[in-house]
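See below for the structure under consideration.
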Amino acid sequence: MDQPRHSNHHRRRGFRGKNNTRPRRARTDESRTDAASSQTTAAAPRQAQQEEDTVMTGATPEVTVPLDDAKFSDLKGSNLVHPTLIETITNDLNFSHMTPVQAATLHDLLPPSRSDCLVQAKTGTGKTLAFLLPALQTLITNHRNQAERGSPAVSLLVISPTRELAMQIATEATNLLQRFSNFHVRLAIGGTNKDQEERRILQSCNVLVATPGRLLDHMANEDVLYTFRSLETLVLDEADRLLDMGFSKALREIVSKLPNKKEVNRQGMLFSATIAQHVHQAADLVLSPGYKFISTVPAGEANTHQRVPQLLIKVDKFSSVGAAVVGCIREEAKQHQDFKVIIFAPTAHLADFYGHIVSQLSDMPPVSILHSRISQSRRTKTTNEYRDAKSAILVATDVIARGMDFPGVTTVVQVGIPSDKESYIHRLGRTARAGAEGRGIFIVTEAESWFPRWTLKEITFIPHPADVSALAEVEAIATVMDETDRARIYQAWLGYYKNHLKGFKWTNEELVAQGNTFAHEGLACPETPPIAKSTVGKMGLKGTRGLVVVPDPPRARSGRATRGRGNRS
Ligand SMILES: Nc1ncnc2c1ncn2[C@@H]1O[C@H](COP(=O)(O)OP(=O)(O)OP(=O)(O)O)[C@@H](O)[C@H]1O
């Protein structure tokens, strides 16, 4: 890894407005650092400078930056970036100034340097353009197109952990290439027609945006594999997620099928708002030794935006959480005529539960639910509708926690503790993007309060009273819910909190006692919902007092009992 890199001038952070409307109010934004640490664990900021930026009115609130900041138009005549790309950015996308991460990485990533880089910058600060611009410039420089080569050759491969994010990145790449007719951006994501994807890739593909599993499937086809023969750039977006336990095996396999990095002079880029230790350990999969680590997040500072108020609502017990969710949305409605909220729930079934509760209340804007148990076509429709909505509530799991860029999200509500600190940061990052305003609300029970206190100790929460006046309404809605659905929610609750036993300092018995109270009081179940024997075993709760264990249904005994049940998000 490289030694610290320092630049001689200060750059200010922020986004210049697309519309030059009058400033509405001032705020501070995050600090910028010019250099990466020589340590492998953290970026050491040389300058951690706080500046006042100005929010602009308009559909997408934006922030002015001082005129001495890096502008895309400064690149004109530099021969570094194709003039058509610059025109697209400044005239079609209407971006005049670079964001800090774009300014900090551009020269290292662009040809001729084309350095391998690990890049960290806070959520919503334009990392996508930061990697697409140099990678597309490489594509343009080397003129990889089908007409020239005879058969398609992929120049840029971007790997994303989720399908929704892959689609968003592909759209951004297509927008950037809109003035070039000879380049094609393709997708390889799950849940869609694989043959159709394959045909498109083989027809013409310069940029491929993929999720790991589907990409591996495609790589089994020799013809598709051949399209990677001269791959010039490999980007892992949300690198820390891709390199964690769940994805690293698939990723290793993908990289092993690609041509030798040195032989094709392939550039590697890893981007994320959070860089956990395991990323440094696994970075050599994609980056060459001596890679640069560029971070715009000052060391020791929380990765969340300082300007975003983060409210902490504590409720006494799990059965009060639903009412607290309703209470905080009603408060939101009092403050804004139009508001866009994302409610993050720990599991798909809990997202269904909160989504159902909120959707049954007549005073709520349109409510939609998004998680991995929903079909891809429905997921895509929901994502698009929410993106375009002026006022809406989206209840989701971590499937949209990373990278998703929904404009105008006023509030992110996190219900119950997330799986880890990174998840909290990325979820919160769905609001206050591109310099816009937004706030976070974190609803926890007293029992969960160890999480904000210890796991998120860098964050200064603003304590906020819980409004649980909707308790009776929530109970009335839960009472008439399908019994099987309630049993699934209970089971999902147990499965999720079982993973956090250590934090709670609970035994299995205490977990089940809490879960049973939630079932009776929160889900209005007259009896403790039964759980199939094999499921209890899989949850690691065999022999735990308080559970109602029933024999596996016949299907289960043939080995398919729990298909589609677990705790998928
Ligand atoms: N230079 C710029 N000026 C103004 N807006 C920009 C600029 N660059 C990017 N944006 C916009 O900022 C928003 C956030 O960008 P992007 O989604 O790339 O953020 P990110 O840093 O990747 O966030 P996350 O960490 O959540 O993935 C997008 O709407 C994007 O179009």
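By order in the structure tokens, chains are A, B, ...; within a chain, residues start at 1; ligands start at 1, following the order shown.
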
Which polymer residues have any atom within 9 Å of an atom of Tyr226 (chain A), counting only C-alpha atoms, with same-chain residues fewer than 6 positions away left out, as a JSON list (two decimals) with C-alpha atoms, in the first residue's frame?
[["chain", "number", "residue", "atom", "x", "y", "z"],
["A", 152, "PRO", "CA", -17.59, -7.96, -27.93],
["A", 153, "ALA", "CA", -14.88, -7.22, -25.39],
["A", 219, "MET", "CA", -19.01, -17.29, -16.76]]

Non-local contacts of Val224 (chain A) (8 Å; only C-alpha atoms; under 3 positions in same chain excluded) as a PDB file with N, CA, C and O atoms, in the first residue's frame:
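This is the output file out.pdb:
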ATOM      1  N   GLU A 198     -27.635 -12.997 -21.612  1.00  0.00           N
ATOM      2  CA  GLU A 198     -26.501 -13.600 -22.324  1.00  0.00           C
ATOM      3  C   GLU A 198     -26.458 -13.119 -23.779  1.00  0.00           C
ATOM      4  O   GLU A 198     -25.404 -12.736 -24.284  1.00  0.00           O
ATOM      5  N   ILE A 201     -25.146  -9.611 -23.868  1.00  0.00           N
ATOM      6  CA  ILE A 201     -23.701  -9.519 -23.595  1.00  0.00           C
ATOM      7  C   ILE A 201     -22.926  -9.948 -24.843  1.00  0.00           C
ATOM      8  O   ILE A 201     -21.958  -9.295 -25.240  1.00  0.00           O
ATOM      9  N   LEU A 202     -23.385 -11.030 -25.466  1.00  0.00           N
ATOM     10  CA  LEU A 202     -22.647 -11.563 -26.626  1.00  0.00           C
ATOM     11  C   LEU A 202     -22.833 -10.701 -27.877  1.00  0.00           C
ATOM     12  O   LEU A 202     -21.987 -10.686 -28.770  1.00  0.00           O
ATOM     13  N   HIS A 218     -23.015 -16.874 -15.665  1.00  0.00           N
ATOM     14  CA  HIS A 218     -22.698 -16.523 -17.055  1.00  0.00           C
ATOM     15  C   HIS A 218     -21.290 -16.981 -17.446  1.00  0.00           C
ATOM     16  O   HIS A 218     -21.031 -17.320 -18.588  1.00  0.00           O
ATOM     17  N   MET A 219     -20.408 -16.950 -16.455  1.00  0.00           N
ATOM     18  CA  MET A 219     -19.012 -17.295 -16.759  1.00  0.00           C
ATOM     19  C   MET A 219     -18.835 -18.771 -17.108  1.00  0.00           C
ATOM     20  O   MET A 219     -17.784 -19.186 -17.598  1.00  0.00           O
ATOM     21  N   ALA A 220     -19.858 -19.559 -16.819  1.00  0.00           N
ATOM     22  CA  ALA A 220     -19.785 -20.978 -17.191  1.00  0.00           C
ATOM     23  C   ALA A 220     -19.843 -21.118 -18.720  1.00  0.00           C
ATOM     24  O   ALA A 220     -19.450 -22.152 -19.271  1.00  0.00           O
ATOM     25  N   ASN A 221     -20.322 -20.103 -19.377  1.00  0.00           N
ATOM     26  CA  ASN A 221     -20.394 -20.110 -20.836  1.00  0.00           C
ATOM     27  C   ASN A 221     -19.070 -19.573 -21.415  1.00  0.00           C
ATOM     28  O   ASN A 221     -18.688 -18.432 -21.150  1.00  0.00           O
ATOM     29  N   THR A 227     -15.498 -12.740 -23.550  1.00  0.00           N
ATOM     30  CA  THR A 227     -15.689 -11.281 -23.624  1.00  0.00           C
ATOM     31  C   THR A 227     -14.826 -10.541 -22.581  1.00  0.00           C
ATOM     32  O   THR A 227     -14.616  -9.345 -22.684  1.00  0.00           O
ATOM     33  N   PHE A 228     -14.337 -11.282 -21.579  1.00  0.00           N
ATOM     34  CA  PHE A 228     -13.489 -10.644 -20.550  1.00  0.00           C
ATOM     35  C   PHE A 228     -12.000 -10.725 -20.882  1.00  0.00           C
ATOM     36  O   PHE A 228     -11.155 -10.432 -20.045  1.00  0.00           O
TER      37      PHE A 228
END

Please identify every polymer residue within 7 Å of ligand 1, using only C-alpha atoms and all ligand atoms, and present the set as a VMD selection string.
chain A and resid 15 to 17 95 to 99 121 to 129 272 to 273 402 to 405 407 426 429 to 430 433 to 434

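Distances to Phe131 (chain A) were evaluated for A:His280, A:His143, A:Lys502, A:Arg114 using only C-alpha atoms, and the minimum falls at A:Arg114.
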
Would you mind listing what lies within 10 Å of Asn516 (chain A) as a ChimeraX atom specification, with only C-alpha atoms counted and same-chain residues fewer than 2 positions away left out?
/A:490-491,493-494,510-514,518-523,525,527-529,546-547

With only C-alpha atoms as the basis for distance, which of A:Leu106, A:Lys505, A:Pro100, A:Tyr496 is at the shortest distance from Leu75 (chain A)?
A:Leu106

Nearby residues (only C-alpha atoms) at most 6 Å from Thr233 (chain A), same-chain spacing under 6 positions excluded, as number ranges by chain:
A: 156, 266-268

Which residues are near region 185-187 of chain A? Cut-off 8 Å, only C-alpha atoms, ignore same chain within fewer than 2 positions. Put them as a list in words.
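Those residues are Ala166, Met167, Ala170, Ala173, Thr174, Phe183, Ile189, Glu197, Arg200, Ile201, Cys205, Asn206, Val207, Leu208, Val209 and Ala210 of chain A.
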
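Using only C-alpha atoms, the nearest neighbour of Ala466 (chain A) within the list A:Ala283, A:Val480, A:Ile443, A:Val413 is A:Ile443.
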